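Q: Provided herewith is a single structure, encoded as structure tokens, for subsequent inquiry.
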Amino acid sequence: MEKNNREIKYLCLKSINAPYQEEMEQAILDVIDSGWYLQGLKVKNFEKHYADYIGTKHCIACGNGLDALKLILQGEIVLGRLNKGDEVIVPANTYIATILAITSVGLTPILVEPDIETLQLNANLIEERLSEKTKAIMTVHLYGKCSITEKMLRICETHNLLLFEDNAQAHGCTCKIESARLPRKKINKHTGSIGNAGAHSFYPGKNLGAMGDAGAVTTNDDELAEVIRALGNYGSAKKYIFEYTGRNSRMDEIQAAVLDVKLKYIDQINKIRKAHAILLRSCLNRGIVEKCIPRKLFDSGLENYVVHIFPFLTEEREKLQRFLNEHGVQTMIHYPIPPHQQKCYSEWSSLSLPITEKIHREELSLPCNEAMSQEEIQYVSKLINQFYNERTL
Ligand SMILES: *Cc1c(COP(=O)(O)O)cnc(C)c1O
């Protein structure tokens with residue numbers, strides 16, 4: 001393949017949002033005209049629509065995804081179901097926000113390795129890490145792949161653990177668990193509705209992205225919902241009456257207006273992303289697929305994977321990234337340094353988490369989104385084939 005003037009961005013937000021521009025402009029104008037910019041009808045409507053979509057009784061909009069995570073944990077502390085010093089099981093290979101939320105409210109994260117075939121928290125490694133103090137699992141649907149397994153649900157039941165979902169990357173993802181033993185438990189439900197509460201981010205680059213920061217909590221728990229709503233509003237449920245030492249974390253009307261427009265299209269968006277991911281993979285040489293794509297990422301026909309990120313694992317990451325870049329294809333790395341090796345958590349610097357470290361060393365995120373054409377997807381695959389044709393796998 002010869003060099004040409006192509007430019008495929010990893011994620012072009014302008015193109016991602018272009019199909020909804022007119023509808024969003026109208027919705028934003030409505031807000032400006034209304035003269036009401038916070039805690040109004042747009043937020044209320046979005047909360048209702050998003051709760052219906054995810055399949056929970058409540059949705060509480062807030063400022064961003066990190067706040068959504070913190071509000072859940074702080075809410076459980078206020079309700080006395082979690083106490084400072086309690087331990088929370090969390091995947092070691094998550095984005096730092098998940099861990100920050102846990103430590104910021106005085107809880108202790110227990111970093112557990114992922115399964116290399118799914119890149120999700122490995123439920124087989126949870127029980128050996130439980131102690132008297134373990135009170136919850138914070139699972140993360142990383143890359144947009146459902147991380148909940150039957151085993152994880154069973155561990156929660158057996159050991160009486162709360163289950164929280166970091167759904168920041170997985171809007172619209174379904175959880176398929178075929179289980180006769182867990183009849184009540186959620187076959188074909190949306191992620192974010194399965195545990196005690198789910199945290200969502202609407203950061204612009206997410207599959208459901210706003211025009212700035214925004215987030216939400218979903219839950220079926222009436223008490224928790226009420227406390228979280230107050231905590232995000234200075235700890236107040238009634239004006240000038242402060243029950244808790246809360247924070248200010250509210251979604252503004254403009255973000256809610258934008259999100260309410262895009263929510264209507266999220267299934268369509270995810271459908272294109274999945275089709276693109278299947279195409280990308282099918283155009284790769286078989287040896288590459290076997291070596292570089294996590295084996296179970298594409299299981300169950302992508303019903304449990306909304307392709308927020310398409311991860312490719314290779315020891316030659318830097319060379320491949322440079323090669324693709326030279327041919328006009330931008331890639332990203334999610335994420336270059338794992339949380340336990342970050343400066344802010346220097347107390348964990350001697351931990352050895354080989355699977356997590358391998359993922360952080362080898363992961364390359366390929367461009368795969370709804371703003372790309374099929375032809376562009378095929379071009380990315382062909383380039384990767386070409387890269388490996390020139391060397392032994
Ligand atoms: C984006 C993200 C967050 C944080 O969301 P913000 O809205 O940026 O605060 C949390 N967890 C995961 C896994 C994320 O990808």
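To be explicit about the labels: the chains of the structure tokens are called A, B, and onward in the order shown, and within each one the residues are counted from 1, while ligands get numbers from 1 in the order they are shown.
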Which residues of chain A have any atom within 10 Å of an atom in ligand 1 when counting only C-alpha atoms and all ligand atoms, and what is the closest pair of atoms for each, with the distance in Å to one decimal? Order the rows by chain and rising number and write it as a tab-separated table.
A:
residue	atom	partner	partner_atom_place_in_ligand_line	distance
A:Cys62	CA	ligand 1	7 (O)	9.6
A:Gly63	CA	ligand 1	7 (O)	7.7
A:Asn64	CA	ligand 1	7 (O)	3.9
A:Gly65	CA	ligand 1	5 (O)	3.4
A:Leu66	CA	ligand 1	9 (O)	3.8
A:Asp67	CA	ligand 1	9 (O)	6.5
A:Ala68	CA	ligand 1	9 (O)	7.9
A:Leu69	CA	ligand 1	10 (C)	7.5
A:Asn93	CA	ligand 1	13 (C)	9.6
A:Thr94	CA	ligand 1	13 (C)	6.0
A:Tyr95	CA	ligand 1	13 (C)	4.9
A:Ile96	CA	ligand 1	11 (N)	7.2
A:Ala97	CA	ligand 1	10 (C)	4.7
A:Thr98	CA	ligand 1	11 (N)	5.2
A:Ile99	CA	ligand 1	11 (N)	8.7
A:Leu100	CA	ligand 1	10 (C)	9.2
A:Ala101	CA	ligand 1	10 (C)	8.8
A:Thr139	CA	ligand 1	13 (C)	9.5
A:Val140	CA	ligand 1	13 (C)	6.1
A:His141	CA	ligand 1	13 (C)	7.2
A:Leu142	CA	ligand 1	13 (C)	6.0
A:Tyr143	CA	ligand 1	15 (O)	7.8
A:Gly144	CA	ligand 1	15 (O)	9.1
A:Glu165	CA	ligand 1	13 (C)	9.6
A:Asp166	CA	ligand 1	11 (N)	5.9
A:Asn167	CA	ligand 1	13 (C)	6.9
A:Ala168	CA	ligand 1	14 (C)	4.7
A:Gln169	CA	ligand 1	15 (O)	5.2
A:Ala170	CA	ligand 1	15 (O)	8.8
A:Ala199	CA	ligand 1	10 (C)	7.9
A:His200	CA	ligand 1	5 (O)	7.2
A:Ser201	CA	ligand 1	7 (O)	4.1
A:Phe202	CA	ligand 1	7 (O)	5.7
A:Tyr203	CA	ligand 1	7 (O)	4.7
A:Pro204	CA	ligand 1	7 (O)	8.5
A:Gly205	CA	ligand 1	1 (C)	8.3
A:Lys206	CA	ligand 1	1 (C)	7.2
A:Gly209	CA	ligand 1	7 (O)	9.4
A:Ala210	CA	ligand 1	7 (O)	9.7
A:Gly212	CA	ligand 1	7 (O)	9.0
A:Asp213	CA	ligand 1	7 (O)	5.9
A:Ala214	CA	ligand 1	7 (O)	5.9
A:Gly215	CA	ligand 1	7 (O)	5.8
A:Ala216	CA	ligand 1	7 (O)	9.1
A:His308	CA	ligand 1	15 (O)	9.2
A:Ile309	CA	ligand 1	15 (O)	9.9
A:His334	CA	ligand 1	15 (O)	9.3
Q: In region 124-213 of chain A, what's strand (DSSP E) per DSSP? Answer as a ChimeraX atom specification?
A: /A:134-140,162-166,174-175,189-190,197-201
Q: Save the residues we just selected, C-alpha atoms, as a short mmCIF file (atom, residue, chain, number, x, y, z; two decimals), in the first residue's frame?
A:
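That gives us again-v2.cif:
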data_model
loop_
_atom_site.label_atom_id
_atom_site.label_comp_id
_atom_site.auth_asym_id
_atom_site.auth_seq_id
_atom_site.Cartn_x
_atom_site.Cartn_y
_atom_site.Cartn_z
CA THR A 134 -14.48 -6.54 52.13
CA LYS A 135 -17.90 -5.04 51.64
CA ALA A 136 -18.27 -4.37 47.93
CA ILE A 137 -17.19 -5.05 44.37
CA MET A 138 -16.79 -2.13 41.99
CA THR A 139 -16.72 -3.75 38.60
CA VAL A 140 -15.87 -1.79 35.44
CA LEU A 162 -22.62 -4.76 47.44
CA LEU A 163 -22.08 -4.61 43.69
CA PHE A 164 -21.42 -1.33 41.89
CA GLU A 165 -20.91 -0.89 38.17
CA ASP A 166 -18.63 1.67 36.56
CA THR A 174 -26.40 -5.71 27.59
CA CYS A 175 -25.48 -8.29 30.17
CA LYS A 189 -30.45 -6.35 31.07
CA HIS A 190 -28.50 -3.20 30.43
CA ALA A 197 -25.97 1.15 41.56
CA GLY A 198 -24.29 2.13 38.30
CA ALA A 199 -22.12 5.17 37.53
CA HIS A 200 -22.24 6.72 34.07
CA SER A 201 -20.05 9.32 32.41
#
Q: Do a neighbour search on Asn248 (chain A) at 6 Å with only C-alpha atoms, toss out local chain neighbours closer than 6 positions, and write the hits as number ranges by chain.
A: A: 232-234
Q: Store the residues of this selection in a file with N, CA, C and O atoms, as an mmCIF file, in the first residue's frame.
A:
data_model
loop_
_atom_site.group_PDB
_atom_site.id
_atom_site.type_symbol
_atom_site.label_atom_id
_atom_site.label_comp_id
_atom_site.auth_asym_id
_atom_site.auth_seq_id
_atom_site.Cartn_x
_atom_site.Cartn_y
_atom_site.Cartn_z
ATOM 1 N N GLY A 232 -25.499 15.442 45.997
ATOM 2 C CA GLY A 232 -25.027 16.180 44.820
ATOM 3 C C GLY A 232 -25.502 17.619 44.807
ATOM 4 O O GLY A 232 -25.096 18.421 43.964
ATOM 5 N N ASN A 233 -26.374 17.933 45.740
ATOM 6 C CA ASN A 233 -26.933 19.279 45.824
ATOM 7 C C ASN A 233 -26.611 19.872 47.205
ATOM 8 O O ASN A 233 -27.492 20.261 47.949
ATOM 9 N N TYR A 234 -25.333 19.872 47.551
ATOM 10 C CA TYR A 234 -24.836 20.410 48.833
ATOM 11 C C TYR A 234 -25.314 19.641 50.063
ATOM 12 O O TYR A 234 -25.240 20.143 51.179
#
Q: Contacts of Phe312 (chain A) at 7 Å or less, counting only C-alpha atoms, minus same-chain residues fewer than 4 places along, as an mmCIF file with N, CA, C and O atoms, in the first residue's frame?
A:
data_model
loop_
_atom_site.group_PDB
_atom_site.id
_atom_site.type_symbol
_atom_site.label_atom_id
_atom_site.label_comp_id
_atom_site.auth_asym_id
_atom_site.auth_seq_id
_atom_site.Cartn_x
_atom_site.Cartn_y
_atom_site.Cartn_z
ATOM 1 N N CYS A 292 -3.507 -11.161 18.655
ATOM 2 C CA CYS A 292 -3.583 -9.769 19.123
ATOM 3 C C CYS A 292 -4.950 -9.294 19.623
ATOM 4 O O CYS A 292 -5.047 -8.223 20.210
ATOM 5 N N ILE A 293 -5.998 -10.072 19.364
ATOM 6 C CA ILE A 293 -7.318 -9.639 19.845
ATOM 7 C C ILE A 293 -7.746 -10.567 20.978
ATOM 8 O O ILE A 293 -7.750 -11.782 20.801
ATOM 9 N N GLU A 363 -1.383 -2.566 24.980
ATOM 10 C CA GLU A 363 -2.661 -2.161 24.402
ATOM 11 C C GLU A 363 -2.527 -0.997 23.419
ATOM 12 O O GLU A 363 -1.894 0.011 23.712
ATOM 13 N N LEU A 364 -3.159 -1.161 22.253
ATOM 14 C CA LEU A 364 -3.264 -0.079 21.279
ATOM 15 C C LEU A 364 -4.736 -0.001 20.860
ATOM 16 O O LEU A 364 -5.311 -0.994 20.420
ATOM 17 N N SER A 365 -5.339 1.170 21.017
ATOM 18 C CA SER A 365 -6.758 1.324 20.671
ATOM 19 C C SER A 365 -6.874 1.745 19.215
ATOM 20 O O SER A 365 -6.351 2.783 18.824
ATOM 21 N N LEU A 366 -7.571 0.913 18.430
ATOM 22 C CA LEU A 366 -7.723 1.199 17.005
ATOM 23 C C LEU A 366 -8.937 2.100 16.786
ATOM 24 O O LEU A 366 -9.922 1.991 17.511
#
Q: So that I can check the surroundings of Asp222 (chain A), please list as a PDB file with all heavy atoms, in the first residue's frame every protein, DNA and RNA residue that reaches within 12 Å of it, counting only C-alpha atoms and ignoring chain neighbours fewer than 6 positions away.
A:
ATOM      1  N   THR A  56     -33.748   1.068  35.230  1.00  0.00           N
ATOM      2  CA  THR A  56     -33.754   1.234  36.688  1.00  0.00           C
ATOM      3  C   THR A  56     -34.887   2.179  37.092  1.00  0.00           C
ATOM      4  O   THR A  56     -35.410   2.930  36.265  1.00  0.00           O
ATOM      5  CB  THR A  56     -32.429   1.836  37.211  1.00  0.00           C
ATOM      6  OG1 THR A  56     -32.129   3.014  36.460  1.00  0.00           O
ATOM      7  CG2 THR A  56     -31.289   0.841  37.102  1.00  0.00           C
ATOM      8  N   LYS A  57     -35.197   2.141  38.359  1.00  0.00           N
ATOM      9  CA  LYS A  57     -36.249   2.994  38.888  1.00  0.00           C
ATOM     10  C   LYS A  57     -35.791   4.451  38.922  1.00  0.00           C
ATOM     11  O   LYS A  57     -36.578   5.367  38.704  1.00  0.00           O
ATOM     12  CB  LYS A  57     -36.541   2.519  40.308  1.00  0.00           C
ATOM     13  CG  LYS A  57     -37.973   2.624  40.717  1.00  0.00           C
ATOM     14  CD  LYS A  57     -38.212   1.773  41.946  1.00  0.00           C
ATOM     15  CE  LYS A  57     -39.210   2.441  42.855  1.00  0.00           C
ATOM     16  NZ  LYS A  57     -39.306   1.767  44.146  1.00  0.00           N
ATOM     17  N   HIS A  58     -34.517   4.649  39.240  1.00  0.00           N
ATOM     18  CA  HIS A  58     -34.020   6.011  39.417  1.00  0.00           C
ATOM     19  C   HIS A  58     -32.813   6.305  38.537  1.00  0.00           C
ATOM     20  O   HIS A  58     -31.984   5.428  38.284  1.00  0.00           O
ATOM     21  CB  HIS A  58     -33.564   6.243  40.870  1.00  0.00           C
ATOM     22  CG  HIS A  58     -34.607   5.920  41.872  1.00  0.00           C
ATOM     23  ND1 HIS A  58     -35.636   6.782  42.179  1.00  0.00           N
ATOM     24  CD2 HIS A  58     -34.798   4.811  42.637  1.00  0.00           C
ATOM     25  CE1 HIS A  58     -36.415   6.231  43.094  1.00  0.00           C
ATOM     26  NE2 HIS A  58     -35.930   5.029  43.394  1.00  0.00           N
ATOM     27  N   CYS A  59     -32.736   7.569  38.112  1.00  0.00           N
ATOM     28  CA  CYS A  59     -31.504   8.100  37.527  1.00  0.00           C
ATOM     29  C   CYS A  59     -31.296   9.460  38.171  1.00  0.00           C
ATOM     30  O   CYS A  59     -32.227  10.274  38.224  1.00  0.00           O
ATOM     31  CB  CYS A  59     -31.642   8.247  36.020  1.00  0.00           C
ATOM     32  SG  CYS A  59     -30.338   9.251  35.272  1.00  0.00           S
ATOM     33  N   ILE A  60     -30.100   9.678  38.707  1.00  0.00           N
ATOM     34  CA  ILE A  60     -29.771  10.970  39.304  1.00  0.00           C
ATOM     35  C   ILE A  60     -28.643  11.569  38.481  1.00  0.00           C
ATOM     36  O   ILE A  60     -27.528  11.038  38.457  1.00  0.00           O
ATOM     37  CB  ILE A  60     -29.332  10.829  40.785  1.00  0.00           C
ATOM     38  CG1 ILE A  60     -30.402  10.103  41.592  1.00  0.00           C
ATOM     39  CG2 ILE A  60     -29.039  12.205  41.390  1.00  0.00           C
ATOM     40  CD1 ILE A  60     -30.132   8.643  41.827  1.00  0.00           C
ATOM     41  N   GLY A  75     -22.924   7.856  49.320  1.00  0.00           N
ATOM     42  CA  GLY A  75     -24.301   7.553  49.680  1.00  0.00           C
ATOM     43  C   GLY A  75     -24.396   6.308  50.547  1.00  0.00           C
ATOM     44  O   GLY A  75     -25.107   6.286  51.556  1.00  0.00           O
ATOM     45  N   LEU A  79     -25.629   5.954  54.485  1.00  0.00           N
ATOM     46  CA  LEU A  79     -26.661   4.985  54.871  1.00  0.00           C
ATOM     47  C   LEU A  79     -26.133   3.912  55.822  1.00  0.00           C
ATOM     48  O   LEU A  79     -26.881   3.038  56.251  1.00  0.00           O
ATOM     49  CB  LEU A  79     -27.255   4.322  53.621  1.00  0.00           C
ATOM     50  CG  LEU A  79     -28.135   5.232  52.751  1.00  0.00           C
ATOM     51  CD1 LEU A  79     -28.411   4.590  51.395  1.00  0.00           C
ATOM     52  CD2 LEU A  79     -29.445   5.552  53.463  1.00  0.00           C
ATOM     53  N   ASN A 196     -26.084  -2.836  42.703  1.00  0.00           N
ATOM     54  CA  ASN A 196     -26.851  -1.947  43.578  1.00  0.00           C
ATOM     55  C   ASN A 196     -26.948  -0.538  42.997  1.00  0.00           C
ATOM     56  O   ASN A 196     -27.910   0.180  43.261  1.00  0.00           O
ATOM     57  CB  ASN A 196     -26.216  -1.892  44.966  1.00  0.00           C
ATOM     58  CG  ASN A 196     -26.230  -3.259  45.624  1.00  0.00           C
ATOM     59  OD1 ASN A 196     -25.413  -4.118  45.298  1.00  0.00           O
ATOM     60  ND2 ASN A 196     -27.164  -3.489  46.510  1.00  0.00           N
ATOM     61  N   ALA A 197     -25.938  -0.162  42.231  1.00  0.00           N
ATOM     62  CA  ALA A 197     -25.974   1.147  41.562  1.00  0.00           C
ATOM     63  C   ALA A 197     -24.954   1.157  40.428  1.00  0.00           C
ATOM     64  O   ALA A 197     -23.970   0.416  40.454  1.00  0.00           O
ATOM     65  CB  ALA A 197     -25.662   2.273  42.554  1.00  0.00           C
ATOM     66  N   ILE A 228     -28.345  10.247  47.401  1.00  0.00           N
ATOM     67  CA  ILE A 228     -27.433  10.719  46.347  1.00  0.00           C
ATOM     68  C   ILE A 228     -27.921  12.048  45.773  1.00  0.00           C
ATOM     69  O   ILE A 228     -27.136  12.965  45.536  1.00  0.00           O
ATOM     70  CB  ILE A 228     -27.271   9.647  45.244  1.00  0.00           C
ATOM     71  CG1 ILE A 228     -26.408   8.501  45.772  1.00  0.00           C
ATOM     72  CG2 ILE A 228     -26.665  10.249  43.974  1.00  0.00           C
ATOM     73  CD1 ILE A 228     -26.270   7.328  44.827  1.00  0.00           C
ATOM     74  N   ARG A 229     -29.220  12.147  45.584  1.00  0.00           N
ATOM     75  CA  ARG A 229     -29.763  13.401  45.040  1.00  0.00           C
ATOM     76  C   ARG A 229     -29.437  14.577  45.976  1.00  0.00           C
ATOM     77  O   ARG A 229     -29.054  15.660  45.530  1.00  0.00           O
ATOM     78  CB  ARG A 229     -31.267  13.278  44.834  1.00  0.00           C
ATOM     79  CG  ARG A 229     -31.833  14.352  43.940  1.00  0.00           C
ATOM     80  CD  ARG A 229     -33.289  14.102  43.591  1.00  0.00           C
ATOM     81  NE  ARG A 229     -33.507  13.061  42.592  1.00  0.00           N
ATOM     82  CZ  ARG A 229     -33.214  13.180  41.287  1.00  0.00           C
ATOM     83  NH1 ARG A 229     -32.686  14.296  40.833  1.00  0.00           N
ATOM     84  NH2 ARG A 229     -33.438  12.197  40.450  1.00  0.00           N
TER      85      ARG A 229
END
Q: What does the distance between CA of Arg81 (chain A) and CA of Asp115 (chain A) come to in Å, to one decimal place?
A: 29.2 Å
Q: Enter the distance from CA of Gln321 (chain A) to CA of Pro114 (chain A), in Å, rounded to one decimal.
A: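 Interatomic distance, CA of Gln321 (chain A) to CA of Pro114 (chain A): 24.2 Å.
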Q: Interatomic distance between CA of Trp348 (chain A) and CA of Glu318 (chain A)?
A: 26.4 Å
Q: Which residues come within 9 Å of Ile266 (chain A), counting only C-alpha atoms, excluding same-chain residues fewer than 4 positions away, as number ranges by chain?
A: A: 171-172, 207-208, 262, 270-271
Q: Those same residues, written as a tab-separated table (two decimals), in the first residue's frame with C-alpha atoms?
A:
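Once everything was written out, this is again_24.tsv:
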chain	number	residue	atom	x	y	z
A	171	HIS	CA	-23.92	2.86	27.65
A	172	GLY	CA	-26.41	0.49	26.07
A	207	ASN	CA	-20.44	6.46	23.20
A	208	LEU	CA	-23.13	8.70	24.69
A	262	LYS	CA	-28.47	11.72	21.52
A	270	ASN	CA	-23.68	1.13	19.07
A	271	LYS	CA	-24.97	-0.98	16.19
Q: Please run DSSP on the backbone and report, as a PDB file with C-alpha atoms, in the first residue's frame, all residues within region 103-292 of chain A that come out as helix (DSSP H, G or I).
A:
ATOM      1  CA  THR A 103      -9.849   6.265  47.963  1.00  0.00           C
ATOM      2  CA  SER A 104     -11.423   9.740  48.019  1.00  0.00           C
ATOM      3  CA  ALA A 123     -14.092 -13.282  39.073  1.00  0.00           C
ATOM      4  CA  ASN A 124     -12.003 -16.413  39.722  1.00  0.00           C
ATOM      5  CA  LEU A 125      -9.497 -14.281  41.607  1.00  0.00           C
ATOM      6  CA  GLU A 127     -12.547 -14.958  46.633  1.00  0.00           C
ATOM      7  CA  GLU A 128      -8.879 -15.328  47.535  1.00  0.00           C
ATOM      8  CA  ARG A 129      -8.731 -11.574  48.100  1.00  0.00           C
ATOM      9  CA  LEU A 142     -13.996  -1.608  30.463  1.00  0.00           C
ATOM     10  CA  TYR A 143     -13.812  -0.779  26.759  1.00  0.00           C
ATOM     11  CA  GLY A 144     -17.619  -1.160  26.651  1.00  0.00           C
ATOM     12  CA  GLU A 150     -22.527 -15.456  36.987  1.00  0.00           C
ATOM     13  CA  LYS A 151     -19.643 -16.221  39.305  1.00  0.00           C
ATOM     14  CA  MET A 152     -19.363 -12.571  40.321  1.00  0.00           C
ATOM     15  CA  LEU A 153     -23.082 -12.419  41.163  1.00  0.00           C
ATOM     16  CA  ARG A 154     -22.791 -15.625  43.162  1.00  0.00           C
ATOM     17  CA  ILE A 155     -19.834 -14.264  45.146  1.00  0.00           C
ATOM     18  CA  CYS A 156     -21.847 -11.146  45.974  1.00  0.00           C
ATOM     19  CA  GLU A 157     -24.722 -13.267  47.247  1.00  0.00           C
ATOM     20  CA  THR A 158     -22.571 -15.700  49.214  1.00  0.00           C
ATOM     21  CA  HIS A 159     -20.435 -13.052  50.883  1.00  0.00           C
ATOM     22  CA  ASP A 222     -35.112   4.316  46.755  1.00  0.00           C
ATOM     23  CA  GLU A 223     -33.129   5.242  49.854  1.00  0.00           C
ATOM     24  CA  LEU A 224     -29.824   5.436  48.036  1.00  0.00           C
ATOM     25  CA  ALA A 225     -31.358   7.522  45.246  1.00  0.00           C
ATOM     26  CA  GLU A 226     -32.744  10.019  47.725  1.00  0.00           C
ATOM     27  CA  VAL A 227     -29.443  10.383  49.576  1.00  0.00           C
ATOM     28  CA  ILE A 228     -27.433  10.719  46.347  1.00  0.00           C
ATOM     29  CA  ARG A 229     -29.763  13.401  45.040  1.00  0.00           C
ATOM     30  CA  ALA A 230     -29.219  15.398  48.218  1.00  0.00           C
ATOM     31  CA  LEU A 231     -25.456  14.771  48.325  1.00  0.00           C
ATOM     32  CA  GLU A 253     -29.841  21.970  31.482  1.00  0.00           C
ATOM     33  CA  ILE A 254     -27.836  22.404  28.288  1.00  0.00           C
ATOM     34  CA  GLN A 255     -26.005  19.095  28.760  1.00  0.00           C
ATOM     35  CA  ALA A 256     -29.264  17.334  29.576  1.00  0.00           C
ATOM     36  CA  ALA A 257     -30.867  18.796  26.447  1.00  0.00           C
ATOM     37  CA  VAL A 258     -27.999  17.527  24.285  1.00  0.00           C
ATOM     38  CA  LEU A 259     -28.003  14.101  25.925  1.00  0.00           C
ATOM     39  CA  ASP A 260     -31.744  13.704  25.565  1.00  0.00           C
ATOM     40  CA  VAL A 261     -31.351  14.187  21.817  1.00  0.00           C
ATOM     41  CA  LYS A 262     -28.471  11.719  21.520  1.00  0.00           C
ATOM     42  CA  LEU A 263     -30.032   9.091  23.789  1.00  0.00           C
ATOM     43  CA  ILE A 266     -27.529   5.352  21.156  1.00  0.00           C
ATOM     44  CA  ASP A 267     -28.657   1.905  19.975  1.00  0.00           C
ATOM     45  CA  GLN A 268     -28.069   2.937  16.363  1.00  0.00           C
ATOM     46  CA  ILE A 269     -24.663   4.325  17.277  1.00  0.00           C
ATOM     47  CA  ASN A 270     -23.684   1.127  19.074  1.00  0.00           C
ATOM     48  CA  LYS A 271     -24.968  -0.978  16.190  1.00  0.00           C
ATOM     49  CA  ILE A 272     -22.639   0.771  13.747  1.00  0.00           C
ATOM     50  CA  ARG A 273     -19.700   0.507  16.134  1.00  0.00           C
ATOM     51  CA  LYS A 274     -20.295  -3.223  16.511  1.00  0.00           C
ATOM     52  CA  ALA A 275     -20.626  -3.772  12.759  1.00  0.00           C
ATOM     53  CA  HIS A 276     -17.410  -1.820  12.229  1.00  0.00           C
ATOM     54  CA  ALA A 277     -15.604  -3.857  14.878  1.00  0.00           C
ATOM     55  CA  ILE A 278     -16.721  -7.100  13.261  1.00  0.00           C
ATOM     56  CA  LEU A 279     -15.584  -5.816   9.863  1.00  0.00           C
ATOM     57  CA  LEU A 280     -12.241  -4.636  11.202  1.00  0.00           C
ATOM     58  CA  ARG A 281     -11.567  -7.997  12.792  1.00  0.00           C
ATOM     59  CA  SER A 282     -12.767 -10.006   9.801  1.00  0.00           C
ATOM     60  CA  ARG A 286      -6.191 -14.968  11.052  1.00  0.00           C
ATOM     61  CA  GLY A 287      -2.854 -15.209  12.771  1.00  0.00           C
ATOM     62  CA  ILE A 288      -3.128 -11.580  13.835  1.00  0.00           C
ATOM     63  CA  VAL A 289      -6.627 -12.047  15.232  1.00  0.00           C
ATOM     64  CA  GLU A 290      -5.503 -15.065  17.243  1.00  0.00           C
ATOM     65  CA  LYS A 291      -2.453 -13.351  18.624  1.00  0.00           C
ATOM     66  CA  CYS A 292      -3.583  -9.769  19.123  1.00  0.00           C
TER      67      CYS A 292
END
Q: Within 10 Å of Thr356 (chain A), counting only C-alpha atoms, which residues qualify if same-chain residues fewer than 5 places away don't, as a count of residues only?
A: 16
